[in-house]
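Note: the block below is run-v5.cif and it holds mmCIF, C-alpha atoms.
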```cif
data_upload
loop_
_atom_site.label_atom_id
_atom_site.label_comp_id
_atom_site.auth_asym_id
_atom_site.auth_seq_id
_atom_site.Cartn_x
_atom_site.Cartn_y
_atom_site.Cartn_z
CA MET K 23 19.77 -32.83 -30.03
CA ILE K 24 16.27 -31.57 -29.33
CA HIS K 25 16.82 -31.57 -25.61
CA LYS K 26 20.00 -29.52 -26.13
CA LYS K 27 18.01 -26.99 -28.13
CA VAL K 28 15.50 -26.77 -25.31
CA ILE K 29 18.22 -26.43 -22.66
CA HIS K 30 19.93 -23.67 -24.66
CA HIS K 31 16.82 -21.63 -24.16
CA PHE K 32 17.42 -21.50 -20.42
CA ILE K 33 21.17 -21.63 -19.79
CA PRO K 34 24.20 -19.95 -21.42
CA HIS K 35 25.88 -22.15 -24.04
CA GLN K 36 28.72 -22.28 -26.51
CA LYS K 37 28.00 -22.32 -30.20
CA GLU K 38 30.02 -23.55 -33.17
CA ASP K 39 31.66 -20.13 -33.44
CA GLY K 40 33.37 -20.89 -30.12
CA LEU K 41 31.70 -17.92 -28.47
CA HIS K 42 29.52 -18.15 -25.42
CA HIS K 43 25.95 -16.98 -25.78
CA ARG K 44 23.33 -16.07 -23.22
CA ALA K 45 20.23 -18.19 -22.70
CA LYS K 46 17.91 -17.70 -25.69
CA ALA K 47 15.07 -16.83 -23.33
CA LEU K 48 17.05 -13.72 -22.36
CA ASN K 49 17.47 -12.43 -25.90
CA LEU K 50 16.07 -8.99 -26.64
CA SER K 51 13.23 -10.45 -28.71
CA TYR K 52 12.19 -12.72 -25.84
CA LEU K 53 12.33 -9.83 -23.35
CA ALA K 54 10.16 -7.79 -25.71
CA SER K 55 7.65 -10.65 -25.89
CA TYR K 56 7.48 -10.88 -22.06
CA LEU K 57 6.69 -7.17 -22.03
CA LEU K 58 4.01 -7.70 -24.67
CA ILE K 59 2.48 -10.55 -22.63
CA LEU K 60 2.22 -8.24 -19.60
CA VAL K 61 0.66 -5.43 -21.63
CA LEU K 62 -1.87 -7.78 -23.27
CA PHE K 63 -2.68 -9.35 -19.91
CA GLY K 64 -3.28 -5.94 -18.38
CA ALA K 65 -5.46 -4.86 -21.30
CA GLY K 66 -7.42 -8.12 -21.18
CA LEU K 67 -8.04 -7.79 -17.45
CA TYR K 68 -9.24 -4.23 -17.89
CA LEU K 69 -11.65 -5.34 -20.63
CA ILE K 70 -13.00 -8.16 -18.45
CA LYS K 71 -13.46 -5.70 -15.61
CA LEU K 72 -15.47 -3.46 -17.91
CA LYS K 73 -17.55 -5.98 -19.86
CA ALA K 74 -17.89 -9.06 -17.64
CA PRO K 75 -16.82 -8.32 -14.08
CA GLN K 76 -18.60 -11.41 -12.73
CA ILE K 77 -15.81 -13.54 -14.21
CA LEU K 78 -13.45 -12.18 -11.60
CA GLY K 79 -15.58 -13.54 -8.80
CA GLN K 80 -16.95 -11.94 -5.68
CA VAL K 81 -15.96 -11.62 -2.07
CA MET K 82 -18.15 -10.19 0.63
CA PHE K 83 -17.59 -8.78 4.08
CA SER K 84 -19.84 -6.82 6.40
CA ALA K 85 -19.78 -3.95 8.85
CA ASP K 86 -20.59 -6.42 11.63
CA GLN K 87 -17.41 -8.34 10.86
CA ILE K 88 -15.36 -5.15 11.11
CA ILE K 89 -16.96 -4.33 14.47
CA ALA K 90 -16.40 -7.87 15.79
CA LEU K 91 -12.75 -7.86 14.72
CA THR K 92 -12.21 -4.39 16.21
CA ASN K 93 -13.62 -5.55 19.53
CA ALA K 94 -11.46 -8.66 19.37
CA LYS K 95 -8.36 -6.48 19.01
CA ARG K 96 -9.51 -4.35 21.93
CA ALA K 97 -10.11 -7.44 24.05
CA GLN K 98 -6.60 -8.68 23.22
CA SER K 99 -5.28 -5.40 24.61
CA GLY K 100 -7.38 -5.72 27.76
CA LEU K 101 -9.82 -3.00 26.74
CA GLY K 102 -13.59 -2.94 26.92
CA VAL K 103 -15.66 -3.65 23.81
CA LEU K 104 -17.32 -0.92 21.79
CA SER K 105 -21.11 -0.97 21.50
CA SER K 106 -22.56 -0.79 18.05
CA ASN K 107 -24.44 2.50 17.60
CA GLY K 108 -27.01 3.11 14.88
CA GLN K 109 -26.36 6.86 14.66
CA LEU K 110 -22.62 6.35 14.22
CA ALA K 111 -23.40 3.72 11.59
CA GLN K 112 -25.66 6.18 9.81
CA ALA K 113 -22.92 8.84 9.99
CA ALA K 114 -20.42 6.36 8.55
CA SER K 115 -22.82 5.46 5.75
CA ALA K 116 -23.48 9.12 4.98
CA LYS K 117 -19.73 9.77 4.87
CA ALA K 118 -19.18 6.86 2.47
CA GLN K 119 -21.97 8.05 0.18
CA ASP K 120 -20.62 11.60 0.28
CA MET K 121 -17.16 10.36 -0.74
CA TYR K 122 -18.69 8.65 -3.77
CA ALA K 123 -20.95 11.59 -4.63
CA ALA K 124 -18.20 14.21 -4.37
CA ASP K 125 -15.50 11.78 -5.64
CA TYR K 126 -12.90 12.24 -2.90
CA TRP K 127 -10.79 10.04 -0.62
CA ALA K 128 -10.09 12.10 2.49
CA HIS K 129 -11.29 12.77 6.02
CA ASN K 130 -12.57 16.22 5.04
CA SER K 131 -14.67 16.71 1.94
CA PRO K 132 -13.74 19.27 -0.74
CA SER K 133 -16.68 21.37 0.47
CA GLY K 134 -15.24 21.43 3.97
CA LYS K 135 -17.43 18.80 5.64
CA THR K 136 -15.59 17.12 8.47
CA PRO K 137 -16.29 13.67 9.93
CA TRP K 138 -17.78 15.50 12.92
CA ASN K 139 -20.37 17.14 10.66
CA PHE K 140 -21.61 13.68 9.64
CA ILE K 141 -21.69 12.53 13.24
CA THR K 142 -23.67 15.51 14.49
CA THR K 143 -25.99 15.43 11.47
CA ALA K 144 -26.84 11.84 12.39
CA GLY K 145 -27.97 13.16 15.75
CA TYR K 146 -25.06 11.81 17.79
CA ARG K 147 -23.90 14.21 20.46
CA TYR K 148 -20.36 13.23 21.17
CA LEU K 149 -17.86 13.78 23.88
CA TYR K 150 -15.13 12.11 21.87
CA ALA K 151 -15.17 11.04 18.26
CA GLY K 152 -12.80 9.51 15.77
CA GLU K 153 -12.71 8.15 12.23
CA ASN K 154 -10.73 5.52 10.33
CA LEU K 155 -11.02 4.96 6.59
CA ALA K 156 -10.02 2.06 4.37
CA ARG K 157 -10.46 1.14 0.72
CA ASP K 158 -9.94 -1.77 -1.69
CA PHE K 159 -9.41 -4.52 0.85
CA SER K 160 -10.61 -8.04 0.07
CA ASP K 161 -11.70 -9.10 3.53
CA ALA K 162 -12.53 -7.70 6.94
CA SER K 163 -9.46 -9.03 8.72
CA SER K 164 -7.12 -7.34 6.20
CA VAL K 165 -8.84 -4.01 6.90
CA VAL K 166 -8.48 -4.36 10.65
CA ASP K 167 -4.89 -5.63 10.37
CA ALA K 168 -4.01 -2.63 8.19
CA TRP K 169 -5.45 -0.22 10.74
CA MET K 170 -3.64 -1.98 13.59
CA ALA K 171 -0.37 -1.77 11.63
CA SER K 172 -0.64 2.02 11.38
CA PRO K 173 0.16 3.83 14.68
CA SER K 174 -2.43 6.59 14.28
CA HIS K 175 -5.23 4.23 13.23
CA ARG K 176 -4.26 1.79 15.95
CA SER K 177 -4.51 4.63 18.44
CA ASN K 178 -8.15 5.14 17.42
CA MET K 179 -8.92 1.42 17.57
CA LEU K 180 -7.53 1.08 21.09
CA ASP K 181 -8.56 4.43 22.50
CA THR K 182 -9.99 4.01 26.00
CA ASN K 183 -12.06 7.19 25.56
CA PHE K 184 -14.26 5.63 22.88
CA LYS K 185 -17.32 3.66 23.95
CA GLU K 186 -19.32 3.18 20.77
CA ILE K 187 -18.71 2.36 17.13
CA GLY K 188 -20.48 2.56 13.79
CA VAL K 189 -19.17 1.11 10.53
CA ALA K 190 -20.21 1.38 6.90
CA VAL K 191 -18.99 -0.85 4.05
CA ALA K 192 -20.03 0.52 0.68
CA SER K 193 -19.11 -0.16 -2.94
CA GLY K 194 -19.09 2.39 -5.71
CA ASP K 195 -17.09 4.27 -8.28
CA LEU K 196 -14.36 6.47 -6.84
CA GLU K 197 -11.79 8.37 -8.90
CA GLY K 198 -12.69 6.32 -11.95
CA ARG K 199 -12.32 2.93 -10.25
CA GLU K 200 -14.73 0.43 -8.71
CA VAL K 201 -13.78 0.41 -5.02
CA ILE K 202 -14.98 -0.71 -1.62
CA LEU K 203 -14.89 1.94 1.10
CA VAL K 204 -14.92 1.18 4.81
CA VAL K 205 -15.75 4.03 7.16
CA GLN K 206 -15.28 3.39 10.87
CA MET K 207 -16.65 5.99 13.28
CA PHE K 208 -15.88 5.97 16.97
CA GLY K 209 -17.69 7.94 19.62
CA THR K 210 -18.53 8.51 23.25
CA PRO K 211 -21.92 10.14 23.73
CA VAL K 212 -22.33 13.15 25.92
CA SER K 213 -24.93 11.27 27.97
CA GLN K 214 -22.18 9.14 29.41
CA ILE K 215 -20.64 11.95 31.49
CA PRO K 216 -21.87 12.20 35.13
CA THR K 217 -24.51 14.91 35.77
CA GLN K 218 -23.48 18.00 37.76
CA GLN K 219 -24.50 18.02 41.50
CA PRO K 220 -26.21 21.26 42.73
CA LEU K 221 -24.19 23.45 45.10
CA VAL K 222 -25.60 23.77 48.65
CA GLN K 223 -24.93 26.84 50.82
CA ALA K 224 -25.09 26.18 54.57
CA SER K 225 -24.46 29.71 55.86
CA PRO K 226 -24.56 33.27 54.49
CA VAL K 227 -21.07 33.40 53.13
CA PRO K 228 -20.00 34.75 49.78
CA SER K 229 -20.96 32.30 47.09
CA PRO K 230 -18.03 30.03 46.51
CA GLN K 231 -16.65 30.02 43.02
CA PRO K 232 -17.57 26.71 41.45
CA SER K 233 -14.57 24.55 40.92
CA PRO K 234 -13.47 23.96 37.37
CA ALA K 235 -14.43 20.30 37.70
CA GLN K 236 -18.04 21.19 38.58
CA VAL K 237 -18.46 23.78 35.83
CA ALA K 238 -17.01 21.83 32.95
CA GLN K 239 -19.42 19.25 31.71
CA VAL K 240 -17.34 18.43 28.69
CA LYS K 241 -13.79 17.27 29.26
CA GLU K 242 -11.53 19.42 27.21
CA LYS K 243 -9.15 17.71 24.89
CA PRO K 244 -6.15 19.60 23.60
CA PRO K 245 -6.65 20.50 19.97
CA SER K 246 -5.01 17.85 17.90
CA ALA K 247 -2.56 18.57 15.11
CA PRO K 248 -3.70 17.36 11.68
CA SER K 249 -3.16 13.63 11.58
CA PRO K 250 -4.03 10.79 9.24
CA SER K 251 -6.82 9.66 11.55
CA PRO K 252 -8.02 12.80 13.22
CA LYS K 253 -9.67 12.89 16.59
CA VAL K 254 -11.93 15.79 17.32
CA SER K 255 -12.08 18.39 20.04
CA PRO K 256 -15.23 17.95 22.07
CA SER K 257 -18.52 19.40 20.85
CA PRO K 258 -19.71 22.64 22.40
CA THR K 259 -21.54 22.70 25.74
CA PRO K 260 -24.41 20.25 25.21
CA VAL K 261 -27.85 21.67 24.61
CA SER K 262 -31.10 19.90 24.67
CA VAL K 263 -31.90 18.71 21.17
CA ALA K 264 -34.81 16.65 20.12
CA VAL K 265 -33.29 13.88 18.09
CA GLU K 266 -35.23 11.39 16.10
CA LEU K 267 -33.29 8.20 16.15
CA PRO K 268 -32.60 7.05 12.61
CA SER K 269 -33.74 3.71 11.36
CA LEU K 270 -31.32 0.98 12.33
CA GLU K 271 -31.67 -0.69 8.96
CA THR K 272 -28.99 1.47 7.45
CA ALA K 273 -25.32 0.57 7.20
CA GLN K 274 -24.95 -1.76 10.16
CA ASN K 275 -25.35 -4.97 8.21
CA THR K 276 -24.23 -3.75 4.81
CA GLN K 277 -22.63 -6.41 2.68
CA SER K 278 -20.66 -5.39 -0.34
CA THR K 279 -19.18 -7.29 -3.20
CA VAL K 280 -15.50 -6.86 -3.86
CA LEU K 281 -14.04 -7.39 -7.26
CA ALA K 282 -10.61 -6.20 -6.21
CA SER K 283 -9.49 -9.36 -4.43
CA ARG K 284 -9.68 -11.87 -7.28
CA GLN K 285 -8.32 -9.37 -9.78
CA PHE K 286 -5.48 -8.46 -7.43
CA SER K 287 -4.51 -12.11 -6.84
CA LEU K 288 -4.50 -12.84 -10.56
CA VAL K 289 -2.37 -9.80 -11.38
CA LYS K 290 -0.02 -10.54 -8.51
CA GLY K 291 0.31 -14.19 -9.58
CA VAL K 292 0.99 -13.47 -13.25
CA SER K 293 3.42 -10.61 -12.53
CA PHE K 294 5.26 -12.62 -9.91
CA GLY K 295 5.41 -15.64 -12.22
CA LEU K 296 6.76 -13.80 -15.23
CA VAL K 297 9.26 -11.65 -13.35
CA GLY K 298 10.27 -14.67 -11.28
CA PHE K 299 10.95 -16.64 -14.48
CA VAL K 300 13.21 -13.90 -15.88
CA PHE K 301 14.93 -13.58 -12.47
CA LEU K 302 15.63 -17.33 -12.45
CA LEU K 303 17.12 -17.17 -15.93
CA PHE K 304 19.55 -14.43 -14.88
CA ALA K 305 20.35 -16.33 -11.69
CA LEU K 306 21.07 -19.46 -13.76
CA GLU K 307 23.39 -17.41 -15.97
CA ILE K 308 25.36 -16.24 -12.95
CA ILE K 309 25.56 -19.73 -11.45
CA TYR K 310 26.62 -21.25 -14.79
CA THR K 311 29.27 -18.57 -15.32
CA LEU K 312 30.68 -19.03 -11.83
CA ARG K 313 30.96 -22.78 -12.36
CA LYS K 314 32.76 -22.34 -15.68
CA ASN K 315 35.85 -20.50 -14.46
CA HIS K 316 37.00 -19.55 -17.94
CA LEU K 317 33.81 -17.55 -18.54
CA ARG K 318 33.31 -13.87 -17.72
CA LEU K 319 29.99 -12.62 -16.40
CA ARG K 320 28.10 -10.61 -18.98
CA SER K 321 27.84 -6.86 -18.33
CA GLY K 322 24.75 -5.72 -16.50
CA VAL K 323 23.53 -9.16 -15.37
CA LEU K 324 23.96 -8.34 -11.67
CA ALA K 325 22.09 -5.06 -12.09
CA HIS K 326 19.23 -6.82 -13.90
CA LEU K 327 19.07 -9.43 -11.16
CA ALA K 328 18.98 -6.71 -8.49
CA ILE K 329 16.12 -4.71 -10.04
CA LEU K 330 14.12 -7.89 -10.66
CA ALA K 331 14.66 -8.94 -7.03
CA PHE K 332 13.45 -5.49 -5.97
CA ILE K 333 10.19 -5.73 -7.92
CA LEU K 334 9.64 -9.31 -6.78
CA LEU K 335 9.88 -8.16 -3.15
CA ALA K 336 7.55 -5.25 -3.84
CA ILE K 337 4.96 -7.54 -5.49
CA TRP K 338 5.29 -10.12 -2.72
CA TYR K 339 4.52 -7.55 -0.04
CA ALA K 340 1.90 -5.71 -2.10
CA VAL K 341 -1.30 -5.22 -0.21
CA ALA K 342 -4.63 -4.70 -1.86
CA GLY K 343 -6.02 -1.66 -0.15
CA ALA K 344 -5.21 1.63 1.55
CA VAL K 345 -6.03 3.25 4.87
CA LEU K 346 -6.46 6.93 5.74
CA MET M 8 59.51 -1.78 -20.91
CA PRO M 9 57.31 -4.86 -20.63
CA GLY M 10 57.41 -4.92 -16.80
CA PHE M 11 56.23 -1.32 -16.54
CA SER M 12 53.38 -1.72 -19.04
CA ARG M 13 52.28 -4.87 -17.23
CA LEU M 14 52.23 -2.93 -13.96
CA ALA M 15 50.17 -0.19 -15.60
CA LEU M 16 47.73 -2.82 -16.86
CA ASP M 17 47.43 -4.34 -13.39
CA VAL M 18 46.76 -0.89 -11.88
CA GLU M 19 44.11 -0.23 -14.53
CA GLN M 20 42.45 -3.59 -13.85
CA LEU M 21 42.49 -2.89 -10.11
CA LYS M 22 40.84 0.50 -10.71
CA MET M 23 38.14 -1.14 -12.83
CA LYS M 24 37.58 -3.78 -10.17
CA HIS M 25 37.18 -1.07 -7.51
CA LEU M 26 34.80 0.79 -9.81
CA ASP M 27 32.76 -2.40 -10.28
CA ILE M 28 32.51 -2.98 -6.54
CA LEU M 29 31.69 0.62 -5.66
CA ALA M 30 29.16 0.98 -8.47
CA HIS M 31 27.33 -2.20 -7.50
CA ILE M 32 27.33 -1.21 -3.81
CA PHE M 33 25.79 2.11 -4.84
CA LEU M 34 23.14 0.27 -6.88
CA ILE M 35 22.31 -2.12 -4.04
CA LEU M 36 22.06 0.80 -1.58
CA GLY M 37 19.69 2.63 -3.90
CA LEU M 38 17.52 -0.46 -4.31
CA GLY M 39 17.63 -1.01 -0.55
CA VAL M 40 16.25 2.48 0.04
CA GLY M 41 13.55 1.66 -2.51
CA VAL M 42 12.60 -1.54 -0.68
CA VAL M 43 12.26 0.34 2.62
CA ALA M 44 10.21 3.09 0.97
CA VAL M 45 7.86 0.58 -0.69
CA TYR M 46 7.39 -1.23 2.64
CA ARG M 47 6.76 2.02 4.56
CA LEU M 48 4.15 3.04 1.98
CA ARG M 49 2.52 -0.39 1.91
CA PHE M 50 -0.95 1.00 2.52
CA ASP M 51 -0.77 3.62 -0.24
CA SER M 52 -0.43 1.84 -3.56
CA THR M 53 -0.12 5.01 -5.66
CA ASP M 54 2.90 6.19 -3.69
CA GLN M 55 4.38 2.71 -3.90
CA PHE M 56 4.11 2.84 -7.69
CA LEU M 57 5.79 6.26 -7.73
CA VAL M 58 8.69 4.91 -5.64
CA ILE M 59 9.09 1.97 -8.04
CA LEU M 60 9.05 4.39 -10.97
CA VAL M 61 11.83 6.47 -9.37
CA ILE M 62 13.90 3.37 -8.54
CA THR M 63 13.52 2.07 -12.10
CA PHE M 64 14.70 5.39 -13.47
CA PHE M 65 17.65 5.22 -11.05
CA TYR M 66 18.46 1.72 -12.37
CA LEU M 67 18.40 2.99 -15.98
CA LEU M 68 20.58 5.97 -15.10
CA TRP M 69 22.97 3.77 -13.17
CA GLY M 70 23.29 1.29 -16.04
CA THR M 71 23.90 3.98 -18.64
CA THR M 72 26.51 5.77 -16.50
CA TYR M 73 28.29 2.59 -15.36
CA HIS M 74 28.67 1.11 -18.82
CA HIS M 75 29.64 4.48 -20.29
CA ILE M 76 32.47 4.80 -17.74
CA LYS M 77 33.59 1.26 -18.54
CA GLY M 78 33.52 2.11 -22.22
CA GLU M 79 31.15 -0.71 -23.13
CA ILE M 80 27.93 1.18 -23.70
CA GLU M 81 26.17 0.02 -26.86
CA LYS M 82 22.67 0.13 -28.30
CA LYS M 83 21.89 -3.54 -27.57
CA LEU M 84 22.89 -3.18 -23.92
CA PHE M 85 20.81 -0.03 -23.49
CA VAL M 86 17.77 -1.71 -25.09
CA GLU M 87 18.21 -4.64 -22.67
CA TYR M 88 18.17 -2.25 -19.70
CA LEU M 89 15.16 -0.44 -21.18
CA LEU M 90 13.16 -3.64 -21.75
CA ILE M 91 13.78 -4.86 -18.20
CA ALA M 92 12.88 -1.43 -16.83
CA LEU M 93 9.64 -1.48 -18.82
CA ILE M 94 8.82 -4.99 -17.54
CA VAL M 95 9.31 -3.74 -13.97
CA VAL M 96 7.19 -0.61 -14.53
CA ILE M 97 4.33 -2.48 -16.25
CA CYS M 98 4.29 -5.09 -13.46
CA ALA M 99 4.20 -2.36 -10.86
CA PHE M 100 1.41 -0.58 -12.74
CA LEU M 101 -0.68 -3.76 -12.92
CA VAL M 102 -0.19 -4.60 -9.23
CA PHE M 103 -0.25 -1.16 -7.60
CA VAL M 104 -2.39 1.03 -9.84
CA ILE M 105 -4.94 -1.14 -11.67
#
```
Write-out of the structure in structure tokens:
Amino acid sequence: MIHKKVIHHFIPHQKEDGLHHRAKALNLSYLASYLLILVLFGAGLYLIKLKAPQILGQVMFSADQIIALTNAKRAQSGLGVLSSNGQLAQAASAKAQDMYAADYWAHNSPSGKTPWNFITTAGYRYLYAGENLARDFSDASSVVDAWMASPSHRSNMLDTNFKEIGVAVASGDLEGREVILVVQMFGTPVSQIPTQQPLVQASPVPSPQPSPAQVAQVKEKPPSAPSPSPKVSPSPTPVSVAVELPSLETAQNTQSTVLASRQFSLVKGVSFGLVGFVFLLFALEIIYTLRKNHLRLRSGVLAHLAILAFILLAIWYAVAGAVL
Amino acid sequence: MPGFSRLALDVEQLKMKHLDILAHIFLILGLGVGVVAVYRLRFDSTDQFLVILVITFFYLLWGTTYHHIKGEIEKKLFVEYLLIALIVVICAFLVFVI
């Protein structure tokens, strides 16, 4: 008798009135309680995040890991490795700090600062430069995989024009949330282009016009249309600038704690579990109804099953993090 | 004439069956578009949440319209759709926003 009562919670059944009833766990009151559980869980998690974030645990990854993984991807594609550059790392760190200070998530700051401003301010004179951004990832490999999965970011990662790299991994408060930002700067310094050979005149003939190849010290790149991961047009004709190399103790070996990963896994697990449970109940109802030929499927069950399957798929493929 | 009324009933049932099939195909197509959109936006969680919100609203609208056409719309059924829609939205909010 007791086991029947328990079973009636999960499968459709016939009562003394002769009518068939849905599983009790699919009654409106039960559905309302599942909703309440989710709301309370979300509120509880938010409180823990505010008052005792250490409960959620910590994960760390470093700029060096990002650089190593980037070079591994380049090696897999038969490309040369990128050298770690302190100035690019400083530019990346400055960009990350600026994003926190001015509270924005974009390549260009609200005040109009471009990634190239940060690079030149760090004293790096570039021939080519590029930037990739990422936020809220739980580990270095997820960051790199996300960039590789996006065509424009992948293009930066595997660009043969880039020779050096600088990465910053920084935690802070952005748009009201505790986040981890990863700024990846690519560059090729001007010093890497071959120096111009002097022209020699053998006989008194009108001075030959220098060929375009001899005059141009900076290879022109066509101006790029706005893209998610912008590349820059080359810097103006290089001038001699006394640059004091910044200290290399800046962002190169930054390690940052990430609260997002544990929190994300917990939320994903609970949401998936609860929605999965309701999905199974509806699926059981359909199976039970199909087996009992004299029964008619309740209205709306297929639609409920479809929307629950949709959200289950979305949760399953949910990725903690975003790239720009 | 019993034969004629039976034929009319059969035609009516056939129409309802076609409506059922077409309506559910439309729902599945809509959800399919949602799945593709959520996958394409997999590195922008805010946009993913917005897509889920739109799809949930589509599901509610579909349910209301479908059951109204079938003549079986009632308060309990609407509340059931609403509760499931809210469960979906809250889950999406917890996973994609918070």
> Hey, what's within 12 Å of Ile32 in chain M if we count only C-alpha atoms and toss same-chain stuff fewer than 5 positions away? As a PyMOL selection string, please?
Replying inline: (chain K and resi 324-325+328) or (chain M and resi 25-27+37-39+69)
> Once the PyMOL selection byres ((chain K and resi 90) around 12) has been applied to the shown file, what residues remain in the selection, as JSON, numbers by chain?
Replying inline: {"K": [83, 84, 85, 86, 87, 88, 89, 91, 92, 93, 94, 95, 96, 97, 103, 104, 105, 106, 162, 163, 166, 187, 188, 189, 274]}
> Once the PyMOL selection byres ((chain K) within 8 of (chain M)) has been applied to the shown file, what residues remain in the selection, as a PyMOL selection string?
Replying inline: chain K and resi 50+53-54+56-57+60-61+64+168+286+289-290+293+297+322+325-326+328-330+332-333+335-337+339-345
>> Take the PyMOL selection byres ((chain K and resi 130) around 12), run it mentally on this structure, and tell me the resulting residues as a list in words.
In response: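 Matching residues under the PyMOL selection byres ((chain K and resi 130) around 12) are Lys117, Ala118, Asp120, Met121, Ala124, Asp125, Tyr126, Trp127, Ala128, His129, Ser131, Pro132, Ser133, Gly134, Lys135, Thr136, Pro137, Trp138, Asn139, Phe140, Glu153, Leu155, Pro248, Ser249, Pro250, Ser251, Pro252 and Leu346 of chain K.
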>> One number please: CA of Leu203 in chain K to CA of Arg157 in chain K, in Å, one decimal.
In response: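 These two atoms are separated by 4.5 Å.
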> What does the distance between CA of His30 in chain K and CA of Leu303 in chain K come to in Å, to one decimal place?
Replying inline: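 That distance, rounded to one decimal, is 11.2 Å.
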> Do you have the CA of Ile33 in chain K-CA of Ile308 in chain K distance handy?
Replying inline: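 Going from CA of Ile33 in chain K over to CA of Ile308 in chain K, I get 9.7 Å.
Closest approach to Ala114 in chain K among K:Ala151, K:Ala190, K:Met179, K:Leu327: K:Ala190, based on all atoms listed in the file.
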